[in-house]
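Undergrad: Okay, so here is upload_21.cif, and as you'll see once you scroll down, it has mmCIF, C-alpha atoms.
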```cif
data_structure
loop_
_atom_site.label_atom_id
_atom_site.label_comp_id
_atom_site.auth_asym_id
_atom_site.auth_seq_id
_atom_site.Cartn_x
_atom_site.Cartn_y
_atom_site.Cartn_z
CA MET A 79 -29.74 55.88 42.46
CA ILE A 80 -33.02 57.74 42.21
CA ALA A 81 -35.03 57.13 39.04
CA VAL A 82 -35.60 60.21 36.86
CA LYS A 83 -37.91 60.33 33.85
CA LYS A 84 -37.06 62.76 31.07
CA HIS A 85 -40.10 63.98 29.14
CA GLY A 86 -38.20 65.71 26.36
CA ILE A 87 -38.53 69.21 24.94
CA LEU A 88 -41.42 71.31 26.22
CA LEU A 89 -40.67 74.58 24.42
CA GLY A 90 -38.39 75.49 21.56
CA LYS A 91 -37.56 78.77 19.87
CA THR A 92 -39.99 80.28 17.36
CA SER A 93 -39.82 82.70 14.46
CA PHE A 94 -40.97 85.56 16.71
CA GLU A 95 -38.25 88.18 16.86
CA PHE A 96 -37.92 88.15 20.67
CA GLU A 97 -37.20 84.38 20.84
CA ASN A 98 -35.74 83.41 17.49
CA GLU A 99 -32.37 82.42 18.95
CA GLY A 100 -33.51 80.27 21.86
CA VAL A 101 -35.71 79.75 24.92
CA LEU A 102 -34.35 78.47 28.23
CA ASN A 103 -34.24 78.57 32.03
CA PRO A 104 -37.91 79.04 32.99
CA ALA A 105 -39.44 80.21 36.24
CA THR A 106 -42.53 78.19 37.19
CA ILE A 107 -45.33 78.47 39.71
CA ARG A 108 -48.35 76.21 40.07
CA GLU A 109 -51.85 77.51 40.85
CA GLY A 110 -54.51 74.81 40.81
CA ASP A 111 -53.95 72.71 37.71
CA ILE A 112 -52.25 75.59 35.92
CA VAL A 113 -48.48 76.02 35.75
CA HIS A 114 -47.39 79.55 34.87
CA LEU A 115 -44.08 79.48 33.06
CA PHE A 116 -41.95 82.61 32.64
CA TYR A 117 -38.95 81.82 30.47
CA ARG A 118 -35.85 83.49 29.15
CA ALA A 119 -36.32 84.33 25.48
CA VAL A 120 -33.24 85.17 23.42
CA ALA A 121 -33.26 87.33 20.31
CA LYS A 122 -30.46 87.81 17.81
CA GLY A 123 -27.54 89.64 19.35
CA ASN A 124 -27.99 87.69 22.61
CA ARG A 125 -30.62 90.09 23.94
CA SER A 126 -32.93 88.44 26.45
CA THR A 127 -36.46 89.19 27.61
CA ILE A 128 -39.03 87.10 29.51
CA GLY A 129 -41.71 85.17 27.62
CA TYR A 130 -44.81 83.51 29.03
CA CYS A 131 -46.49 80.15 28.58
CA LYS A 132 -49.44 78.63 30.48
CA LEU A 133 -49.57 74.89 31.03
CA ASN A 134 -52.67 72.87 31.87
CA GLY A 135 -51.13 70.26 34.12
CA PRO A 136 -47.38 69.74 34.12
CA LEU A 137 -46.81 69.22 30.39
CA ASP A 138 -49.73 70.40 28.22
CA ILE A 139 -49.34 73.83 26.62
CA GLU A 140 -52.58 75.81 26.79
CA LEU A 141 -51.37 79.29 25.87
CA ARG A 142 -48.13 80.88 24.70
CA TYR A 143 -47.72 84.60 24.19
CA GLU A 144 -46.33 86.01 20.97
CA ASN A 145 -44.59 88.90 22.74
CA PRO A 146 -42.43 89.15 25.87
CA VAL A 147 -44.09 90.03 29.18
CA ILE A 148 -41.00 91.55 30.82
CA THR A 149 -38.50 93.54 28.78
CA GLN A 150 -35.39 95.69 29.19
CA GLU A 151 -36.37 99.06 30.64
CA HIS A 152 -33.29 100.29 32.51
CA ASN A 153 -29.59 100.67 31.79
CA TYR A 154 -28.67 97.92 34.25
CA GLU A 155 -30.62 95.39 32.13
CA SER A 156 -30.07 96.89 28.69
CA GLN A 157 -28.67 93.67 27.23
CA GLY A 158 -30.84 91.18 29.04
CA VAL A 159 -33.50 90.18 31.53
CA GLU A 160 -32.26 86.65 32.12
CA ASP A 161 -32.89 83.38 33.98
CA PRO A 162 -36.00 84.18 36.06
CA ARG A 163 -37.20 82.36 39.19
CA ILE A 164 -40.52 82.95 40.89
CA VAL A 165 -42.13 82.45 44.31
CA LYS A 166 -45.17 83.86 46.11
CA ILE A 167 -44.57 85.43 49.53
CA ASP A 168 -47.49 86.91 51.44
CA TYR A 169 -49.53 88.71 48.78
CA HIS A 170 -46.85 89.27 46.16
CA TYR A 171 -45.14 87.25 43.49
CA TYR A 172 -41.37 87.76 43.60
CA LEU A 173 -39.70 87.28 40.23
CA SER A 174 -35.92 87.39 40.55
CA TYR A 175 -33.71 87.53 37.50
CA THR A 176 -30.23 88.35 36.27
CA ALA A 177 -29.95 91.88 34.95
CA TYR A 178 -27.27 92.11 32.26
CA ASP A 179 -26.01 95.35 30.77
CA GLY A 180 -23.45 93.81 28.44
CA VAL A 181 -20.71 93.91 31.08
CA ASN A 182 -22.26 93.27 34.49
CA ALA A 183 -24.58 90.46 35.58
CA MET A 184 -26.43 91.02 38.86
CA GLY A 185 -29.53 89.80 40.67
CA ALA A 186 -32.64 91.98 40.39
CA VAL A 187 -36.27 91.66 41.50
CA ALA A 188 -39.73 92.48 40.14
CA LEU A 189 -42.97 92.23 42.14
CA SER A 190 -46.54 91.53 41.05
CA LYS A 191 -49.91 90.90 42.65
CA ASP A 192 -51.47 89.29 39.58
CA LEU A 193 -48.66 87.90 37.37
CA VAL A 194 -49.56 90.56 34.79
CA GLU A 195 -48.37 93.94 36.04
CA TRP A 196 -44.77 93.92 37.26
CA HIS A 197 -43.00 96.54 39.37
CA LYS A 198 -39.23 96.40 39.13
CA LEU A 199 -37.32 97.06 42.34
CA GLY A 200 -33.94 96.98 40.62
CA ILE A 201 -30.70 95.29 41.61
CA ILE A 202 -30.63 94.06 45.20
CA VAL A 203 -27.27 92.28 45.31
CA PRO A 204 -24.12 94.28 46.18
CA GLN A 205 -22.56 96.37 43.45
CA ILE A 206 -18.89 96.32 44.34
CA THR A 207 -15.73 96.03 42.29
CA TYR A 208 -13.46 93.01 42.30
CA ASN A 209 -10.84 94.94 44.22
CA GLU A 210 -13.37 95.99 46.87
CA PHE A 211 -14.50 92.38 47.20
CA ILE A 212 -10.96 91.15 47.74
CA GLU A 213 -10.27 93.90 50.27
CA LEU A 214 -13.42 93.12 52.29
CA THR A 215 -12.74 89.38 52.40
CA SER A 216 -8.95 89.53 52.77
CA SER A 217 -8.91 88.54 56.46
CA ASN A 218 -9.42 84.89 55.46
CA GLU A 219 -6.57 84.17 53.06
CA GLN A 220 -7.40 80.52 52.30
CA PHE A 221 -11.08 81.33 51.80
CA ILE A 222 -10.46 84.16 49.38
CA LYS A 223 -8.01 82.20 47.19
CA LYS A 224 -10.77 80.11 45.64
CA TYR A 225 -12.87 83.23 45.02
CA VAL A 226 -10.04 85.03 43.29
CA LYS A 227 -9.62 82.01 41.02
CA TYR A 228 -13.20 82.24 39.76
CA ASN A 229 -13.73 85.99 39.92
CA SER A 230 -10.51 87.45 38.62
CA ASN A 231 -10.86 90.36 36.20
CA ALA A 232 -7.28 90.06 34.95
CA HIS A 233 -8.49 89.18 31.43
CA LEU A 234 -10.37 92.47 31.06
CA THR A 235 -9.17 95.65 29.43
CA ASN A 236 -8.65 98.69 31.65
CA ASP A 237 -11.84 100.28 30.30
CA GLU A 238 -13.83 97.14 31.09
CA LYS A 239 -12.37 96.96 34.60
CA GLU A 240 -13.53 100.50 35.31
CA ASN A 241 -17.13 99.58 34.49
CA MET A 242 -17.27 96.05 35.88
CA VAL A 243 -18.50 94.92 39.27
CA LEU A 244 -18.50 91.51 40.90
CA TRP A 245 -20.90 89.14 39.14
CA ASP A 246 -23.64 87.98 41.52
CA LYS A 247 -26.22 85.72 39.86
CA ASN A 248 -28.81 83.01 40.65
CA LEU A 249 -30.79 85.17 43.05
CA ILE A 250 -33.58 82.93 44.42
CA PHE A 251 -36.08 83.53 47.22
CA PHE A 252 -37.44 81.02 49.69
CA PRO A 253 -41.23 80.83 49.18
CA ARG A 254 -42.13 82.05 52.67
CA ARG A 255 -40.66 84.18 55.41
CA ILE A 256 -38.52 82.22 57.87
CA ASN A 257 -38.84 83.45 61.45
CA GLY A 258 -40.56 86.49 60.02
CA LYS A 259 -37.64 87.34 57.70
CA LEU A 260 -37.13 87.29 53.96
CA CYS A 261 -34.54 84.75 52.92
CA PHE A 262 -32.74 84.31 49.61
CA ILE A 263 -29.75 82.58 48.11
CA HIS A 264 -27.39 84.05 45.56
CA ARG A 265 -24.18 82.94 43.90
CA ILE A 266 -20.73 84.43 43.71
CA ARG A 267 -18.67 81.67 42.18
CA PRO A 268 -17.75 79.02 43.18
CA GLU A 269 -20.25 78.67 46.08
CA ILE A 270 -23.87 79.40 47.00
CA GLN A 271 -24.37 82.09 49.64
CA ILE A 272 -27.46 82.93 51.71
CA VAL A 273 -29.10 86.00 53.21
CA VAL A 274 -31.52 85.03 55.98
CA SER A 275 -32.37 88.04 58.07
CA ILE A 276 -34.05 91.00 56.37
CA GLU A 277 -37.52 92.42 56.96
CA ASN A 278 -37.47 94.31 53.66
CA PHE A 279 -35.13 95.41 50.90
CA ASN A 280 -34.36 98.75 52.55
CA GLU A 281 -32.03 96.87 54.90
CA LEU A 282 -29.69 95.93 52.03
CA THR A 283 -27.52 99.00 52.48
CA THR A 284 -23.84 99.50 51.73
CA SER A 285 -23.00 98.92 55.40
CA PHE A 286 -25.08 95.71 55.40
CA TRP A 287 -23.10 94.28 52.49
CA LYS A 288 -19.78 95.48 53.90
CA ASP A 289 -20.40 93.52 57.09
CA TYR A 290 -21.71 90.57 55.06
CA PHE A 291 -18.54 90.30 52.98
CA GLN A 292 -16.30 90.67 55.99
CA HIS A 293 -17.95 87.48 57.30
CA LEU A 294 -18.73 85.85 53.96
CA ASP A 295 -17.52 82.40 54.99
CA GLU A 296 -20.36 82.33 57.55
CA TYR A 297 -22.95 82.80 54.80
CA VAL A 298 -21.82 80.04 52.45
CA VAL A 299 -24.64 77.51 52.41
CA LEU A 300 -23.25 75.03 49.84
CA SER A 301 -19.72 74.49 48.49
CA PRO A 302 -18.58 72.17 45.70
CA GLN A 303 -17.99 68.73 47.15
CA TYR A 304 -18.34 65.96 44.59
CA SER A 305 -16.74 65.37 41.19
CA HIS A 306 -19.85 66.40 39.21
CA GLU A 307 -19.72 69.85 40.90
CA ALA A 308 -15.95 70.18 41.16
CA SER A 309 -15.69 73.49 39.28
CA TYR A 310 -18.52 75.47 40.88
CA ILE A 311 -22.17 75.33 41.88
CA GLY A 312 -25.13 77.69 41.75
CA GLY A 313 -28.79 77.98 42.64
CA GLY A 314 -31.38 76.27 40.49
CA CYS A 315 -35.04 76.10 41.51
CA PRO A 316 -36.70 77.91 44.42
CA PRO A 317 -36.48 75.78 47.59
CA ILE A 318 -39.36 73.37 48.21
CA GLU A 319 -40.64 73.00 51.76
CA THR A 320 -40.90 69.37 52.92
CA GLN A 321 -41.28 67.72 56.32
CA TYR A 322 -37.57 66.91 56.31
CA GLY A 323 -36.22 70.27 55.24
CA TRP A 324 -35.96 72.64 52.29
CA LEU A 325 -35.35 70.65 49.12
CA LEU A 326 -32.92 72.58 46.95
CA ILE A 327 -32.48 71.59 43.31
CA TYR A 328 -29.29 73.36 42.20
CA HIS A 329 -26.76 73.08 39.39
CA GLY A 330 -23.26 71.65 39.60
CA VAL A 331 -20.51 72.19 37.06
CA TYR A 332 -17.37 70.25 36.22
CA ASP A 333 -14.91 70.50 33.34
CA ASP A 334 -14.11 67.77 30.87
CA LYS A 335 -12.05 67.87 27.69
CA ASN A 336 -14.92 69.58 25.85
CA GLY A 337 -15.61 72.28 28.43
CA HIS A 338 -18.16 72.80 31.20
CA VAL A 339 -20.80 70.16 31.99
CA TYR A 340 -23.89 71.38 33.89
CA SER A 341 -25.96 68.88 35.90
CA ALA A 342 -29.02 69.09 38.15
CA CYS A 343 -28.20 68.31 41.80
CA ALA A 344 -30.17 67.99 45.04
CA ALA A 345 -29.65 68.89 48.70
CA LEU A 346 -31.69 69.41 51.89
CA LEU A 347 -31.43 72.49 54.12
CA ASP A 348 -32.78 72.88 57.65
CA LEU A 349 -36.33 74.31 57.73
CA GLU A 350 -35.76 76.93 60.41
CA ASN A 351 -32.04 77.46 59.83
CA PRO A 352 -31.51 77.17 56.07
CA GLN A 353 -27.84 78.03 56.49
CA LYS A 354 -27.46 74.44 57.70
CA GLU A 355 -27.04 71.69 55.10
CA ILE A 356 -28.74 68.44 56.17
CA ALA A 357 -28.09 66.14 53.23
CA ARG A 358 -26.85 66.08 49.65
CA LEU A 359 -26.92 63.57 46.81
CA PRO A 360 -23.38 62.35 46.09
CA TYR A 361 -24.23 62.04 42.39
CA PRO A 362 -26.15 64.22 39.89
CA LEU A 363 -29.93 64.03 40.03
CA PHE A 364 -29.70 64.13 36.24
CA LYS A 365 -27.06 65.19 33.75
CA PRO A 366 -26.68 65.86 30.00
CA GLU A 367 -27.35 62.60 28.19
CA MET A 368 -29.93 63.30 25.50
CA GLU A 369 -29.16 64.96 22.19
CA TRP A 370 -31.06 68.12 23.14
CA GLU A 371 -28.93 68.44 26.30
CA ILE A 372 -25.59 67.61 24.71
CA LYS A 373 -25.78 69.83 21.62
CA GLY A 374 -27.12 73.36 21.43
CA GLU A 375 -26.13 76.98 21.91
CA VAL A 376 -23.97 75.81 24.83
CA ASN A 377 -23.26 72.08 24.83
CA ASN A 378 -23.72 69.74 27.80
CA VAL A 379 -26.16 71.78 29.87
CA CYS A 380 -29.02 70.77 32.16
CA PHE A 381 -29.88 73.97 34.05
CA PRO A 382 -32.86 73.55 36.42
CA THR A 383 -34.82 76.67 37.33
CA GLY A 384 -38.44 75.69 38.10
CA THR A 385 -40.58 72.92 39.57
CA ALA A 386 -44.23 71.91 39.89
CA LEU A 387 -45.50 69.18 42.21
CA PHE A 388 -48.43 67.01 41.08
CA ASP A 389 -49.29 64.33 43.65
CA ASP A 390 -45.90 62.73 44.38
CA ASN A 391 -44.43 63.65 41.00
CA LEU A 392 -41.99 66.54 41.08
CA TYR A 393 -41.63 68.03 37.61
CA ILE A 394 -38.39 69.90 37.04
CA TYR A 395 -38.19 72.43 34.21
CA TYR A 396 -34.74 73.16 32.87
CA GLY A 397 -32.73 74.82 30.15
CA ALA A 398 -31.37 72.21 27.74
CA ALA A 399 -28.08 73.19 26.08
CA ASP A 400 -29.03 76.87 26.52
CA GLU A 401 -31.42 76.62 23.58
CA GLN A 402 -34.62 74.80 24.56
CA ILE A 403 -36.75 74.05 27.61
CA ALA A 404 -37.12 70.46 28.74
CA THR A 405 -38.84 68.66 31.61
CA ALA A 406 -37.88 65.79 33.89
CA SER A 407 -39.82 64.23 36.76
CA VAL A 408 -38.96 62.32 39.90
CA SER A 409 -40.87 60.85 42.83
CA LEU A 410 -40.62 63.42 45.62
CA SER A 411 -40.90 60.79 48.35
CA GLU A 412 -38.20 58.65 46.75
CA LEU A 413 -35.91 61.63 46.31
CA LEU A 414 -36.31 62.59 49.97
CA LYS A 415 -35.69 58.99 51.02
CA GLU A 416 -32.50 58.92 48.96
CA LEU A 417 -31.33 62.23 50.42
CA LEU A 418 -31.88 60.97 53.97
CA LEU A 419 -29.49 58.12 53.19
CA ASN A 420 -26.83 60.79 52.63
CA LEU A 421 -27.07 62.88 55.78
CA LYS A 422 -24.21 65.21 56.60
CA ASN A 423 -22.20 64.36 59.70
#
```
Spell out the structure here as structure tokens.
TA:
Amino acid sequence: MIAVKKHGILLGKTSFEFENEGVLNPATIREGDIVHLFYRAVAKGNRSTIGYCKLNGPLDIELRYENPVITQEHNYESQGVEDPRIVKIDYHYYLSYTAYDGVNAMGAVALSKDLVEWHKLGIIVPQITYNEFIELTSSNEQFIKKYVKYNSNAHLTNDEKENMVLWDKNLIFFPRRINGKLCFIHRIRPEIQIVVSIENFNELTTSFWKDYFQHLDEYVVLSPQYSHEASYIGGGCPPIETQYGWLLIYHGVYDDKNGHVYSACAALLDLENPQKEIARLPYPLFKPEMEWEIKGEVNNVCFPTGTALFDDNLYIYYGAADEQIATASVSLSELLKELLLNLKN
């Protein structure tokens, strides 16, 4: 098994009103020796905004803002701007996040040229009802059964059903265009899906998504396979380009007697065809073991969302028990070597 070093808690909640309930699930991007960290900050009432912290190197805090840098501005995000990820493509930073209005949770995007001023593009994932989703995917009966299991709205009241659309979270961009196209993953439980072929966001029309869902099984990039991800999986950190493929650090979930257990997992995708899985670890990269991971706002959670590479050391930043931000590190070369021992047939 690959050796992972846990460095403990990097950031905890403060007395500031915007983050007095918890901090978690940070987006990270390295520039020189600086790591910019944009994290989910939770206020009382479970209202989330995005806070900012600057690291000098992978672990030393140089600056932390006392106010959020991205807040709720629109109805679609009225309850929360949650779980950001960040990449730089061409001349823009793409910050993707989950927009939550108290009922619906959907992937949205904001762009910046300087990491200071952000322009929100809004929700880019499909906004369809559960019934529309089932209708569009109904041609594959076996395929849709597992989706109905995880996306049923049977527990909702009639009023809630009228206002609720299919949850589509963990929107994450690849950090460069592939064959000239924007590429991103997203997650409709229980699998990770991929969009690989758009020049710009204007192409994400109603007809685009209708065709996409009618062939959804073709766009599944990862499905649960091992016991530590038996319930469902979802995107974690933005993909990392290596000589062997795109390294994807994602999260896997299984149920035990105490509820869900979230672990960090690793896989490799083909560089030029990221729909193709090359390899996957058959065990968690790391899982809840420490007190700060086992007990918190949500117990038993390691939720990876950002990385920074220093020499051969890959630092992974993650939400610990949905309450604090922690860091782990692993040798990138050793991780790739271990993955290549687990190639897909």
Undergrad: Excluding Ala342 (chain A) and its own-chain neighbours fewer than 4 positions away, which residues fall within 8 Å of it when counting all atoms listed in the file? Please give them as a PyMOL selection string.
TA: chain A and resi 314+327-330+362-365+380-382
Undergrad: So what do you get for CA of Phe388 (chain A) versus CA of Ile80 (chain A), distance-wise?
TA: 18.0 Å
Undergrad: Would you compute the box with edges along x, y and z of the file around region 154-167 of chain A, including every atom the file lists for it and 3 Å extra on each side, and give its centre and edge lengths in Å to one decimal, as AutoDock Vina command-line options?
TA:
```
--center_x -36.9 --center_y 90.1 --center_z 38.4 --size_x 22.5 --size_y 21.6 --size_z 28.3
```
Undergrad: Identify, on the basis of only C-alpha atoms, every residue whose closest approach to Leu199 (chain A) does not exceed 8 Å; exclude the query and any residue fewer than 2 positions from it along the same chain; express the result as a ChimeraX atom specification.
TA: /A:186-189,197,201-202
Undergrad: Which residues are close to Phe262 (chain A), i.e. within 8 Å by all atoms listed in the file, leaving aside same-chain residues fewer than 2 positions away? Reply as a list in words.
TA: Leu249, Ile250, Phe251, Phe252, Leu260, His264, Ile272, Val273 and Val274 of chain A
Undergrad: Just checking: using only C-alpha atoms, which residue out of A:Lys132, A:Lys415, A:Lys166, A:Lys198 ends up closest to Thr320 (chain A)?
TA: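 Going through A:Lys132, A:Lys415, A:Lys166, A:Lys198 one by one, the smallest distance to Thr320 (chain A) is for A:Lys415.
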Undergrad: What's the 12 Å shell around region 331-337 of chain A, counting all atoms listed in the file, without same-chain residues fewer than 4 positions away, as an MDAnalysis selection string?
TA: chainID A and resid 267:269 301:313 341:343 362 365:366 372:373 376:381
Undergrad: Taking the file as shown, find all residues satisfying the PyMOL selection byres ((chain A and resi 205) around 10) and write them as a compact mmCIF listing (two decimals) with C-alpha atoms, in the coordinates of the input.
TA:
```txt
# COMPACT_ATOMS: atom_id res chain seq x y z
CA ASN A 182 -22.26 93.27 34.49
CA MET A 184 -26.43 91.02 38.86
CA GLY A 185 -29.53 89.80 40.67
CA ILE A 201 -30.70 95.29 41.61
CA ILE A 202 -30.63 94.06 45.20
CA VAL A 203 -27.27 92.28 45.31
CA PRO A 204 -24.12 94.28 46.18
CA ILE A 206 -18.89 96.32 44.34
CA THR A 207 -15.73 96.03 42.29
CA TYR A 208 -13.46 93.01 42.30
CA GLU A 210 -13.37 95.99 46.87
CA PHE A 211 -14.50 92.38 47.20
CA MET A 242 -17.27 96.05 35.88
CA VAL A 243 -18.50 94.92 39.27
CA LEU A 244 -18.50 91.51 40.90
CA TRP A 245 -20.90 89.14 39.14
CA ASP A 246 -23.64 87.98 41.52
CA THR A 284 -23.84 99.50 51.73
CA TRP A 287 -23.10 94.28 52.49
```
Undergrad: With all atoms listed in the file as the atoms that count, which of A:Ile394, A:Gly374, A:Asn241, A:Ser126 lies nearest to Leu88 (chain A)?
TA: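 Comparing A:Ile394, A:Gly374, A:Asn241, A:Ser126 against Leu88 (chain A), the winner is A:Ile394.
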Undergrad: Atoms are missing here; could region 93-109 of chain A be completed with N, CA and C atoms and written as an mmCIF file, in the frame of the given file?
TA:
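The result, written out as rebuild_29.cif:
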```cif
data_model
loop_
_atom_site.group_PDB
_atom_site.id
_atom_site.type_symbol
_atom_site.label_atom_id
_atom_site.label_comp_id
_atom_site.auth_asym_id
_atom_site.auth_seq_id
_atom_site.Cartn_x
_atom_site.Cartn_y
_atom_site.Cartn_z
ATOM 1 N N SER A 93 -40.235 81.673 15.427
ATOM 2 C CA SER A 93 -39.820 82.700 14.460
ATOM 3 C C SER A 93 -40.084 84.108 14.979
ATOM 4 N N PHE A 94 -40.733 84.226 16.146
ATOM 5 C CA PHE A 94 -40.970 85.560 16.710
ATOM 6 C C PHE A 94 -39.627 86.219 17.027
ATOM 7 N N GLU A 95 -39.532 87.479 16.766
ATOM 8 C CA GLU A 95 -38.250 88.180 16.860
ATOM 9 C C GLU A 95 -37.639 88.093 18.258
ATOM 10 N N PHE A 96 -38.469 88.101 19.313
ATOM 11 C CA PHE A 96 -37.920 88.150 20.670
ATOM 12 C C PHE A 96 -37.369 86.805 21.127
ATOM 13 N N GLU A 97 -37.659 85.707 20.410
ATOM 14 C CA GLU A 97 -37.200 84.380 20.840
ATOM 15 C C GLU A 97 -36.739 83.517 19.675
ATOM 16 N N ASN A 98 -36.156 84.170 18.676
ATOM 17 C CA ASN A 98 -35.740 83.410 17.490
ATOM 18 C C ASN A 98 -34.353 82.790 17.602
ATOM 19 N N GLU A 99 -33.672 83.039 18.726
ATOM 20 C CA GLU A 99 -32.370 82.420 18.950
ATOM 21 C C GLU A 99 -32.420 81.302 19.997
ATOM 22 N N GLY A 100 -33.420 81.339 20.867
ATOM 23 C CA GLY A 100 -33.510 80.270 21.860
ATOM 24 C C GLY A 100 -34.459 80.623 22.991
ATOM 25 N N VAL A 101 -34.922 79.593 23.691
ATOM 26 C CA VAL A 101 -35.710 79.750 24.920
ATOM 27 C C VAL A 101 -35.087 78.819 25.955
ATOM 28 N N LEU A 102 -35.054 79.267 27.223
ATOM 29 C CA LEU A 102 -34.350 78.470 28.230
ATOM 30 C C LEU A 102 -34.705 78.955 29.631
ATOM 31 N N ASN A 103 -34.281 78.201 30.613
ATOM 32 C CA ASN A 103 -34.240 78.570 32.030
ATOM 33 C C ASN A 103 -35.524 79.230 32.536
ATOM 34 N N PRO A 104 -36.621 78.449 32.606
ATOM 35 C CA PRO A 104 -37.910 79.040 32.990
ATOM 36 C C PRO A 104 -38.146 79.109 34.484
ATOM 37 N N ALA A 105 -38.867 80.142 34.901
ATOM 38 C CA ALA A 105 -39.440 80.210 36.240
ATOM 39 C C ALA A 105 -40.832 79.591 36.173
ATOM 40 N N THR A 106 -41.210 78.821 37.196
ATOM 41 C CA THR A 106 -42.530 78.190 37.190
ATOM 42 C C THR A 106 -43.212 78.348 38.531
ATOM 43 N N ILE A 107 -44.538 78.464 38.487
ATOM 44 C CA ILE A 107 -45.330 78.470 39.710
ATOM 45 C C ILE A 107 -46.679 77.852 39.411
ATOM 46 N N ARG A 108 -47.090 76.918 40.270
ATOM 47 C CA ARG A 108 -48.350 76.210 40.070
ATOM 48 C C ARG A 108 -49.471 76.878 40.848
ATOM 49 N N GLU A 109 -50.642 77.038 40.195
ATOM 50 C CA GLU A 109 -51.850 77.510 40.850
ATOM 51 C C GLU A 109 -53.003 76.644 40.358
#
```
